[in-house]
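Okay, protein_39.cif is below, mmCIF, C-alpha atoms and all ligand atoms:
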```cif
data_final
loop_
_atom_site.group_PDB
_atom_site.id
_atom_site.type_symbol
_atom_site.label_atom_id
_atom_site.label_comp_id
_atom_site.auth_asym_id
_atom_site.auth_seq_id
_atom_site.Cartn_x
_atom_site.Cartn_y
_atom_site.Cartn_z
ATOM 1 C CA MET R 283 0.000 0.000 0.000
ATOM 2 C CA SER R 284 1.239 3.498 -0.849
ATOM 3 C CA THR R 285 2.199 5.697 2.076
ATOM 4 C CA ASN R 286 1.818 8.890 0.028
ATOM 5 C CA LYS R 287 -0.641 11.351 1.482
ATOM 6 C CA VAL R 288 -2.597 13.845 -0.560
ATOM 7 C CA GLU R 289 -4.456 16.903 0.587
ATOM 8 C CA VAL R 290 -7.770 17.172 -1.226
ATOM 9 C CA LYS R 291 -9.852 20.319 -1.416
ATOM 10 C CA TYR R 292 -13.430 19.136 -1.874
ATOM 11 C CA ARG R 293 -17.014 20.288 -2.270
ATOM 12 C CA CYS R 294 -19.929 18.225 -0.952
ATOM 13 C CA MET R 295 -22.413 17.395 -3.718
ATOM 14 C CA HIS R 296 -25.397 16.897 -1.411
ATOM 15 C CA SER R 297 -27.983 19.423 -2.593
ATOM 16 C CA SER R 298 -29.030 20.479 0.900
ATOM 17 C CA CYS R 299 -25.782 19.931 2.817
ATOM 18 C CA CYS R 300 -26.293 22.169 5.806
ATOM 19 C CA ALA R 301 -23.308 21.155 7.881
ATOM 20 C CA ASN R 302 -19.814 22.580 7.977
ATOM 21 C CA CYS R 303 -18.528 19.879 5.644
ATOM 22 C CA ARG R 304 -19.926 21.602 2.504
ATOM 23 C CA GLU R 305 -16.416 22.647 1.549
ATOM 24 C CA GLY R 306 -13.067 21.962 3.059
ATOM 25 C CA SER R 307 -9.892 19.966 2.730
ATOM 26 C CA ILE R 308 -8.934 16.533 3.938
ATOM 27 C CA ALA R 309 -5.620 14.657 4.037
ATOM 28 C CA LEU R 310 -5.888 11.064 2.806
ATOM 29 C CA ASN R 311 -3.670 8.193 1.867
ATOM 30 C CA GLU R 312 -3.503 7.991 -1.956
ATOM 31 C CA ASP R 313 -4.698 4.366 -2.065
ATOM 32 C CA TYR R 314 -7.516 5.067 0.354
ATOM 33 C CA LEU R 315 -8.678 7.883 -1.895
ATOM 34 C CA LYS R 316 -8.758 5.404 -4.807
ATOM 35 C CA ASP R 317 -10.915 3.051 -2.686
ATOM 36 C CA LEU R 318 -13.290 5.906 -1.965
ATOM 37 C CA ALA R 319 -13.607 6.843 -5.634
ATOM 38 C CA ALA R 320 -17.334 6.950 -6.245
ATOM 39 C CA SER R 321 -17.265 5.919 -9.891
ATOM 40 C CA SER R 322 -15.060 5.947 -12.914
ATOM 41 C CA GLU R 323 -15.337 9.728 -12.814
ATOM 42 C CA LYS R 324 -12.083 10.641 -11.174
ATOM 43 C CA GLU R 325 -13.172 13.965 -9.730
ATOM 44 C CA PHE R 326 -15.641 12.390 -7.267
ATOM 45 C CA PHE R 327 -15.187 10.256 -4.158
ATOM 46 C CA LYS R 328 -17.292 9.102 -1.203
ATOM 47 C CA SER R 329 -16.624 10.916 2.065
ATOM 48 C CA PRO R 330 -14.789 8.732 4.628
ATOM 49 C CA LYS R 331 -16.830 7.197 7.441
ATOM 50 C CA GLY R 332 -17.728 9.739 10.112
ATOM 51 C CA PHE R 333 -16.537 12.713 8.061
ATOM 52 C CA CYS R 334 -19.960 14.083 7.073
ATOM 53 C CA ARG R 335 -21.554 15.752 10.087
ATOM 54 C CA LEU R 336 -24.953 14.465 9.006
ATOM 55 C CA GLY R 337 -23.621 10.925 9.416
ATOM 56 C CA PHE R 338 -23.909 9.806 5.775
ATOM 57 C CA SER R 339 -21.381 8.913 3.156
ATOM 58 C CA GLN R 340 -21.701 11.819 0.733
ATOM 59 C CA THR R 341 -20.286 12.348 -2.705
ATOM 60 C CA PHE R 342 -17.474 14.884 -2.645
ATOM 61 C CA LYS R 343 -16.106 16.623 -5.706
ATOM 62 C CA ILE R 344 -12.350 17.131 -5.868
ATOM 63 C CA VAL R 345 -11.698 20.840 -6.399
ATOM 64 C CA ALA R 346 -7.918 20.707 -6.011
ATOM 65 C CA MET R 347 -5.340 18.211 -4.863
ATOM 66 C CA LYS R 348 -1.703 18.402 -3.776
ATOM 67 C CA GLU R 349 0.793 16.275 -1.943
ATOM 68 C CA ALA R 350 0.129 16.584 1.793
ATOM 69 C CA GLU R 351 2.745 18.130 3.997
ATOM 70 C CA GLU R 352 4.026 15.429 6.259
ATOM 71 C CA PHE R 353 3.867 16.060 9.959
ATOM 72 C CA ASP R 354 5.993 13.887 12.154
ATOM 73 C CA SER R 355 5.537 14.318 15.880
ATOM 74 C CA GLN R 356 9.088 12.961 16.276
ATOM 75 C CA ASP R 357 10.332 16.291 14.890
ATOM 76 C CA LEU R 358 8.845 18.173 17.831
ATOM 77 C CA ASP R 359 11.081 19.390 20.610
ATOM 78 C CA PHE R 360 9.995 17.280 23.559
ATOM 79 C CA ALA R 361 12.788 18.716 25.712
ATOM 80 C CA ASN R 362 10.931 22.067 25.660
ATOM 81 C CA PRO R 363 7.255 21.064 25.816
ATOM 82 C CA GLU R 364 6.071 24.617 26.446
ATOM 83 C CA GLU R 365 7.156 25.619 22.925
ATOM 84 C CA HIS R 366 4.385 23.838 21.021
ATOM 85 C CA PRO R 367 0.733 23.068 21.885
ATOM 86 C CA ILE R 368 1.166 19.386 21.000
ATOM 87 C CA THR R 369 4.270 18.823 23.112
ATOM 88 C CA LEU R 370 2.596 20.742 25.936
ATOM 89 C CA LEU R 371 -0.495 18.535 25.797
ATOM 90 C CA MET R 372 1.600 15.374 25.467
ATOM 91 C CA ALA R 373 3.654 16.370 28.520
ATOM 92 C CA GLU R 374 0.385 16.890 30.421
ATOM 93 C CA HIS R 375 -0.749 13.429 29.311
ATOM 94 C CA LYS R 376 2.320 12.008 31.065
ATOM 95 C CA VAL R 377 1.437 13.870 34.269
ATOM 96 C CA ILE R 378 -2.181 12.676 34.062
ATOM 97 C CA LEU R 379 -1.085 9.052 33.497
ATOM 98 C CA ALA R 380 1.262 9.267 36.504
ATOM 99 C CA LYS R 381 -1.582 10.595 38.689
ATOM 100 C CA MET R 382 -3.826 7.821 37.450
ATOM 101 C CA GLU R 383 -1.206 5.248 38.477
ATOM 102 C CA LYS R 384 -1.222 6.822 41.932
ATOM 103 C CA VAL R 385 -4.998 6.344 42.042
ATOM 104 C CA GLU R 386 -4.521 2.670 41.051
ATOM 105 C CA ASP R 387 -2.037 2.194 43.927
ATOM 106 C CA GLN R 388 -4.473 3.704 46.423
ATOM 107 C CA LEU R 389 -7.252 1.577 45.021
ATOM 108 C CA ARG R 390 -5.199 -1.551 45.770
ATOM 109 C CA ILE R 391 -4.673 -0.571 49.412
ATOM 110 C CA ARG R 392 -8.276 0.770 49.740
ATOM 111 C CA ASP R 393 -7.129 4.140 51.124
ATOM 112 C CA ILE R 394 -10.352 6.085 50.768
ATOM 113 C CA ASP R 395 -9.102 9.484 51.965
ATOM 114 C CA ALA R 396 -6.004 9.316 49.759
ATOM 115 C CA LEU R 397 -8.266 8.337 46.835
ATOM 116 C CA TRP R 398 -10.501 11.319 47.588
ATOM 117 C CA THR R 399 -7.584 13.766 47.391
ATOM 118 C CA ALA R 400 -5.926 12.103 44.386
ATOM 119 C CA CYS R 401 -9.186 11.937 42.409
ATOM 120 C CA THR R 402 -9.932 15.606 43.076
ATOM 121 C CA GLU R 403 -6.455 16.461 41.776
ATOM 122 C CA LEU R 404 -7.018 14.287 38.708
ATOM 123 C CA GLU R 405 -10.419 15.871 38.091
ATOM 124 C CA ASN R 406 -8.829 19.346 38.225
ATOM 125 C CA ASP R 407 -6.138 18.275 35.763
ATOM 126 C CA LEU R 408 -8.711 16.841 33.378
ATOM 127 C CA ILE R 409 -10.997 19.869 33.508
ATOM 128 C CA LEU R 410 -8.087 22.185 32.737
ATOM 129 C CA HIS R 411 -6.376 19.942 30.162
ATOM 130 C CA SER R 412 -9.324 18.433 28.267
ATOM 131 C CA GLY R 413 -12.231 20.733 28.999
ATOM 132 C CA ILE R 414 -10.409 24.053 28.736
ATOM 133 C CA LYS R 415 -7.052 23.777 26.914
ATOM 134 C CA GLU R 416 -8.264 21.268 24.330
ATOM 135 C CA GLU R 417 -11.945 22.109 23.953
ATOM 136 C CA GLU R 418 -11.926 25.860 24.542
ATOM 137 C CA VAL R 419 -8.522 26.830 23.155
ATOM 138 C CA LEU R 420 -7.225 24.218 20.694
ATOM 139 C CA PHE R 421 -10.396 23.072 18.899
ATOM 140 C CA PRO R 422 -11.798 26.549 18.152
ATOM 141 C CA ALA R 423 -8.371 27.669 16.893
ATOM 142 C CA LEU R 424 -8.316 24.778 14.449
ATOM 143 C CA GLN R 425 -11.875 25.209 13.241
ATOM 144 C CA ASN R 426 -11.075 27.070 10.043
ATOM 145 C CA LEU R 427 -8.057 24.979 9.159
ATOM 146 C CA VAL R 428 -10.319 21.968 8.473
ATOM 147 C CA THR R 429 -7.836 19.319 7.449
ATOM 148 C CA PHE R 430 -9.718 17.108 9.848
ATOM 149 C CA GLY R 431 -13.425 16.611 10.319
ATOM 150 C CA ASP R 432 -15.683 17.954 12.990
ATOM 151 C CA ALA R 433 -16.610 14.326 13.517
ATOM 152 C CA LEU R 434 -13.168 13.693 14.968
ATOM 153 C CA VAL R 435 -13.556 16.552 17.452
ATOM 154 C CA SER R 436 -16.967 15.184 18.433
ATOM 155 C CA ILE R 437 -15.390 11.801 19.214
ATOM 156 C CA ILE R 438 -12.721 13.450 21.367
ATOM 157 C CA LYS R 439 -15.335 15.541 23.226
ATOM 158 C CA GLU R 440 -17.467 12.455 23.768
ATOM 159 C CA ASP R 441 -14.444 10.729 25.369
ATOM 160 C CA HIS R 442 -13.918 13.749 27.646
ATOM 161 C CA ARG R 443 -17.561 13.685 28.828
ATOM 162 C CA GLU R 444 -17.361 9.960 29.522
ATOM 163 C CA VAL R 445 -14.086 10.091 31.488
ATOM 164 C CA LEU R 446 -15.096 13.135 33.550
ATOM 165 C CA SER R 447 -18.538 11.831 34.412
ATOM 166 C CA LEU R 448 -17.102 8.444 35.508
ATOM 167 C CA LEU R 449 -14.502 10.172 37.675
ATOM 168 C CA HIS R 450 -17.099 12.505 39.130
ATOM 169 C CA ASN R 451 -19.447 9.604 39.939
ATOM 170 C CA PHE R 452 -16.577 7.751 41.599
ATOM 171 C CA ARG R 453 -15.826 10.791 43.783
ATOM 172 C CA THR R 454 -19.487 11.168 44.737
ATOM 173 C CA ALA R 455 -19.538 7.519 45.862
ATOM 174 C CA LEU R 456 -16.356 8.161 47.887
ATOM 175 C CA GLU R 457 -18.225 10.883 49.780
ATOM 176 C CA ASP R 458 -20.531 8.160 51.053
ATOM 177 C CA GLY R 459 -17.599 5.929 51.990
ATOM 178 C CA GLU R 460 -17.989 3.649 48.979
ATOM 179 C CA ILE R 461 -15.114 2.613 46.693
ATOM 180 C CA SER R 462 -16.761 1.737 43.404
ATOM 181 C CA ASP R 463 -14.211 -0.438 41.578
ATOM 182 C CA SER R 464 -16.307 -0.870 38.450
ATOM 183 C CA ILE R 465 -16.659 2.899 37.917
ATOM 184 C CA ILE R 466 -12.993 3.748 38.474
ATOM 185 C CA ILE R 467 -11.774 0.821 36.367
ATOM 186 C CA SER R 468 -14.008 1.970 33.478
ATOM 187 C CA MET R 469 -12.611 5.474 33.906
ATOM 188 C CA ILE R 470 -8.991 4.228 33.861
ATOM 189 C CA VAL R 471 -9.565 2.116 30.730
ATOM 190 C CA SER R 472 -11.335 4.993 28.925
ATOM 191 C CA LEU R 473 -8.732 7.582 29.874
ATOM 192 C CA ARG R 474 -5.785 5.393 28.795
ATOM 193 C CA SER R 475 -7.412 4.679 25.457
ATOM 194 C CA HIS R 476 -8.294 8.357 25.004
ATOM 195 C CA ILE R 477 -4.731 9.503 25.623
ATOM 196 C CA ARG R 478 -3.425 6.852 23.220
ATOM 197 C CA LYS R 479 -5.897 8.050 20.591
ATOM 198 C CA GLU R 480 -4.758 11.664 20.957
ATOM 199 C CA ASN R 481 -1.011 10.919 21.065
ATOM 200 C CA LEU R 482 -0.960 8.500 18.159
ATOM 201 C CA GLU R 483 -3.762 9.661 15.889
ATOM 202 C CA PHE R 484 -5.339 13.000 16.702
ATOM 203 C CA PHE R 485 -2.143 15.006 17.184
ATOM 204 C CA GLU R 486 -0.665 13.530 13.990
ATOM 205 C CA ILE R 487 -3.707 14.792 12.087
ATOM 206 C CA ILE R 488 -3.832 18.273 13.565
ATOM 207 C CA GLY R 489 -0.058 18.742 13.797
ATOM 208 C CA LYS R 490 0.324 19.864 10.230
ATOM 209 C CA CYS R 491 -2.459 22.451 10.618
ATOM 210 C CA ILE R 492 -0.594 24.378 13.276
ATOM 211 C CA ASP R 493 1.548 26.990 11.580
ATOM 212 C CA GLU R 494 3.708 29.544 13.402
ATOM 213 C CA SER R 495 0.940 32.089 14.084
ATOM 214 C CA HIS R 496 -1.393 29.363 15.383
ATOM 215 C CA ARG R 497 1.375 27.887 17.502
ATOM 216 C CA VAL R 498 1.898 31.224 19.249
ATOM 217 C CA SER R 499 -1.800 32.099 19.697
ATOM 218 C CA ILE R 500 -2.787 28.603 20.934
ATOM 219 C CA LEU R 501 0.080 28.613 23.438
ATOM 220 C CA GLU R 502 -0.989 32.038 24.668
ATOM 221 C CA GLY R 503 -4.581 30.838 25.114
ATOM 222 C CA MET R 504 -3.404 27.788 27.017
ATOM 223 C CA LYS R 505 -1.150 29.876 29.243
ATOM 224 C CA LYS R 506 -4.028 32.210 30.093
ATOM 225 C CA ALA R 507 -6.320 29.256 30.804
ATOM 226 C CA GLN R 508 -3.708 27.839 33.180
ATOM 227 C CA GLU R 509 -3.381 31.157 35.026
ATOM 228 C CA ASN R 510 -7.121 31.714 35.344
ATOM 229 C CA TYR R 511 -8.125 28.230 36.395
ATOM 230 C CA VAL R 512 -9.490 28.012 39.932
ATOM 231 C CA PRO R 513 -9.104 24.409 41.088
ATOM 232 C CA ILE R 514 -11.801 22.502 42.964
ATOM 233 C CA GLU R 515 -10.735 22.059 46.586
ATOM 234 C CA ALA R 516 -10.864 18.473 47.846
ATOM 235 C CA GLY R 517 -12.162 19.572 51.255
ATOM 236 C CA ASP R 518 -13.205 17.265 54.084
ATOM 237 C CA ARG R 519 -14.861 14.246 52.465
ATOM 238 C CA GLN R 520 -17.099 13.321 55.413
ATOM 239 C CA LYS R 521 -18.118 16.912 56.090
ATOM 240 C CA ILE R 522 -19.087 17.356 52.419
ATOM 241 C CA ALA R 523 -21.175 14.155 52.591
ATOM 242 C CA GLU R 524 -22.932 15.383 55.761
ATOM 243 C CA GLU R 525 -23.645 18.774 54.184
ATOM 244 C CA ARG R 526 -25.019 17.112 51.057
ATOM 245 C CA LYS R 527 -27.277 14.871 53.151
ATOM 246 C CA ALA R 528 -28.455 17.842 55.237
ATOM 247 C CA ALA R 529 -29.241 19.843 52.087
ATOM 248 C CA LYS R 530 -31.133 16.839 50.684
ATOM 249 C CA ALA R 531 -33.137 16.447 53.905
ATOM 250 C CA LYS R 532 -33.939 20.171 53.886
ATOM 251 C CA ARG R 533 -35.146 19.952 50.269
ATOM 252 C CA HIS R 534 -37.250 16.923 51.193
ATOM 253 C CA PHE R 535 -38.789 18.788 54.166
ATOM 254 C CA ILE R 536 -39.658 21.796 51.968
ATOM 255 C CA ASP R 537 -41.201 19.539 49.287
ATOM 256 C CA GLU R 538 -43.265 17.711 51.934
ATOM 257 C CA SER R 539 -44.458 21.025 53.407
ATOM 258 C CA ILE R 540 -45.495 22.304 49.976
ATOM 259 C CA ASN R 541 -47.345 19.033 49.250
ATOM 260 C CA ALA R 542 -49.118 19.179 52.630
ATOM 261 C CA PHE R 543 -50.106 22.796 51.997
ATOM 262 C CA ARG R 544 -51.482 21.870 48.553
ATOM 263 C CA GLU R 545 -53.463 18.962 50.003
ATOM 264 C CA VAL R 546 -55.002 21.140 52.708
ATOM 265 C CA ASN R 547 -56.006 23.749 50.169
ATOM 266 C CA SER R 548 -57.180 21.447 47.408
ATOM 267 C CA GLY R 549 -60.933 21.347 46.951
ATOM 268 C CA THR R 550 -61.462 24.289 49.325
ATOM 269 C CA GLY R 551 -61.662 26.806 46.570
ATOM 270 C CA CYS R 552 -58.741 28.628 48.092
ATOM 271 C CA CYS R 553 -56.556 30.020 45.371
ATOM 272 C CA HIS R 554 -53.827 31.609 47.534
HETATM 273 FE FE FE R 601 -5.428 15.360 25.883
HETATM 274 FE FE FE R 602 -8.471 14.929 25.294
#
```
Since I need it in another form, could you write the structure as structure tokens?
Amino acid sequence: MSTNKVEVKYRCMHSSCCANCREGSIALNEDYLKDLAASSEKEFFKSPKGFCRLGFSQTFKIVAMKEAEEFDSQDLDFANPEEHPITLLMAEHKVILAKMEKVEDQLRIRDIDALWTACTELENDLILHSGIKEEEVLFPALQNLVTFGDALVSIIKEDHREVLSLLHNFRTALEDGEISDSIIISMIVSLRSHIRKENLEFFEIIGKCIDESHRVSILEGMKKAQENYVPIEAGDRQKIAEERKAAKAKRHFIDESINAFREVNSGTGCCH
């Protein structure tokens, strides 16, 4: 199979294409493009799976084509991670993986208070890294460069939601003194696979879209996000659980009082 990559500028032929994939460019392996060729007419091909935001395989017309610029993450300067958004995010992946290993150690020895603190730290790291630096800084900056599909960003965001909600649910169970192995194991598996996906696939795809001006502006955005982030405090686990229970009981009491009031006044004609 050929390893040559081509960058294709395309136009979607769907008459009522209303999504952002109407026009754009996509980098594809030459042989893969041949497989996607819609017919003997060389200027058309079927959009790759997941590329059309409407979820269908559409016919795309080739408007222009050139050899794709190769991006090799090996060329990045990993000794100075703060110099490029990708090396910065990859360095943060290492920190996140190390913190996750710490969580695994505490899980083995069933240290609930250490888990509480470590998971809060991990949640802070994930909110800042995935939710803010990736979703609020990196993705919008890449939006108009479109060498990759919005579908890919949707997959990444979906992963973020899944990992964060599992971690959050695990922490909520910890408040009640419960160590939910199934939830945290699902979170660990999802997070490892997500980081692998970004390091090996996603960053390779977006790497060649980041030119010098984008490199500088994305780094600036990430730096600002780091400075402005206010981390969640772990706090006293048992005290938080007691406060949550008290608030729940108070809500329950208010609801009961309202219901009792409604019952007393129903059928009396009282409208106050
Ligand atoms: Fe990431
Ligand atoms: Fe991510």
Nearest to Glu405 in chain R among R:Asp458, R:Asp393, R:Pro513, R:Met504, with distances taken over all atoms listed in the file: which residue is it?
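Closest candidate: R:Pro513.
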Starting from the shown file, work through the PyMOL selection byres (((chain R and resi 326) around 8) and not hetatm) and note down what comes out as number ranges by chain.
R: 319-321, 323-325, 327-328, 341-344
Residue nearest Leu482 in chain R among R:Ile368, R:Asp359, R:Ser307, R:Leu318 (counting all atoms listed in the file)
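Closest candidate: R:Ile368.
Straight-line separation from CA of Asn481 in chain R to CA of Ala373 in chain R: 10.3 Å.
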Kindly indicate which residue among R:Ala528, R:Leu410, R:Leu424, R:Ala346 lies nearest to ligand FE 601 (chain R), using all atoms listed in the file for the distances.
R:Leu410
Set the cut-off to 10 Å, count only C-alpha atoms and all ligand atoms, and list whatever residues fall near ligand FE 601 (chain R) as a ChimeraX atom specification.
/R:368,370-376,378,408,411-413,415-417,438,442,473,476-481,484-485
Which one is closest to ligand FE 602 (chain R): R:Leu501, R:Ala423, R:Val385, R:Leu434? Count all atoms listed in the file.
R:Leu434
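Applied to the shown file, the PyMOL selection byres (((chain R and resi 340) around 8) and not hetatm) selects the residues Cys294, Met295, His296, Lys328, Ser329, Cys334, Phe338, Ser339, Thr341 and Phe342 of chain R.
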Could you check which of R:Lys384, R:His366, R:Arg443, R:His496 is closest to ligand FE 602 (chain R), using all atoms listed in the file?
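Among the listed residues, R:Arg443 lies closest to ligand FE 602 (chain R).
Between CA of Glu289 in chain R and CA of Ile492 in chain R there is a distance of 15.2 Å.
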Repaired coordinates for range 447-474 of chain R (N, CA and C atoms) as a compact mmCIF listing (two decimals), in the frame of the given file:
```
# COMPACT_ATOMS: atom_id res chain seq x y z
N SER R 447 -17.34 12.20 33.65
CA SER R 447 -18.54 11.83 34.41
C SER R 447 -18.25 10.57 35.24
N LEU R 448 -17.45 9.64 34.71
CA LEU R 448 -17.10 8.44 35.51
C LEU R 448 -16.30 8.85 36.75
N LEU R 449 -15.33 9.74 36.54
CA LEU R 449 -14.50 10.17 37.67
C LEU R 449 -15.35 10.91 38.70
N HIS R 450 -16.24 11.75 38.22
CA HIS R 450 -17.10 12.50 39.13
C HIS R 450 -18.02 11.56 39.93
N ASN R 451 -18.58 10.57 39.25
CA ASN R 451 -19.45 9.60 39.94
C ASN R 451 -18.66 8.81 40.99
N PHE R 452 -17.42 8.48 40.64
CA PHE R 452 -16.58 7.75 41.60
C PHE R 452 -16.33 8.59 42.84
N ARG R 453 -16.07 9.89 42.65
CA ARG R 453 -15.83 10.79 43.78
C ARG R 453 -17.08 10.95 44.63
N THR R 454 -18.24 11.02 43.98
CA THR R 454 -19.49 11.17 44.74
C THR R 454 -19.71 9.94 45.61
N ALA R 455 -19.39 8.74 45.06
CA ALA R 455 -19.54 7.52 45.86
C ALA R 455 -18.55 7.52 47.03
N LEU R 456 -17.36 8.08 46.80
CA LEU R 456 -16.36 8.16 47.89
C LEU R 456 -16.89 9.00 49.05
N GLU R 457 -17.64 10.03 48.72
CA GLU R 457 -18.23 10.88 49.78
C GLU R 457 -19.02 10.04 50.77
N ASP R 458 -19.71 9.03 50.20
CA ASP R 458 -20.53 8.16 51.05
C ASP R 458 -19.75 6.97 51.60
N GLY R 459 -18.43 6.99 51.44
CA GLY R 459 -17.60 5.93 51.99
C GLY R 459 -17.56 4.68 51.12
N GLU R 460 -17.97 4.83 49.85
CA GLU R 460 -17.99 3.65 48.98
C GLU R 460 -16.89 3.74 47.91
N ILE R 461 -16.12 2.66 47.76
CA ILE R 461 -15.11 2.61 46.69
C ILE R 461 -15.70 1.78 45.55
N SER R 462 -16.11 2.46 44.50
CA SER R 462 -16.76 1.74 43.40
C SER R 462 -15.72 1.32 42.36
N ASP R 463 -15.27 0.05 42.48
CA ASP R 463 -14.21 -0.44 41.58
C ASP R 463 -14.64 -0.40 40.11
N SER R 464 -15.89 -0.78 39.86
CA SER R 464 -16.31 -0.87 38.45
C SER R 464 -16.25 0.51 37.78
N ILE R 465 -16.67 1.55 38.52
CA ILE R 465 -16.66 2.90 37.92
C ILE R 465 -15.22 3.37 37.66
N ILE R 466 -14.35 3.20 38.65
CA ILE R 466 -12.99 3.75 38.47
C ILE R 466 -12.21 2.94 37.44
N ILE R 467 -12.48 1.63 37.37
CA ILE R 467 -11.77 0.82 36.37
C ILE R 467 -12.23 1.24 34.96
N SER R 468 -13.53 1.49 34.79
CA SER R 468 -14.01 1.97 33.48
C SER R 468 -13.34 3.30 33.14
N MET R 469 -13.22 4.17 34.14
CA MET R 469 -12.61 5.47 33.91
C MET R 469 -11.15 5.30 33.47
N ILE R 470 -10.42 4.43 34.17
CA ILE R 470 -8.99 4.23 33.86
C ILE R 470 -8.82 3.68 32.43
N VAL R 471 -9.65 2.71 32.07
CA VAL R 471 -9.56 2.12 30.73
C VAL R 471 -9.87 3.18 29.67
N SER R 472 -10.94 3.97 29.90
CA SER R 472 -11.34 4.99 28.92
C SER R 472 -10.26 6.07 28.79
N LEU R 473 -9.72 6.50 29.92
CA LEU R 473 -8.73 7.58 29.87
C LEU R 473 -7.45 7.13 29.17
N ARG R 474 -7.01 5.88 29.46
CA ARG R 474 -5.78 5.39 28.80
C ARG R 474 -6.00 5.34 27.28
```
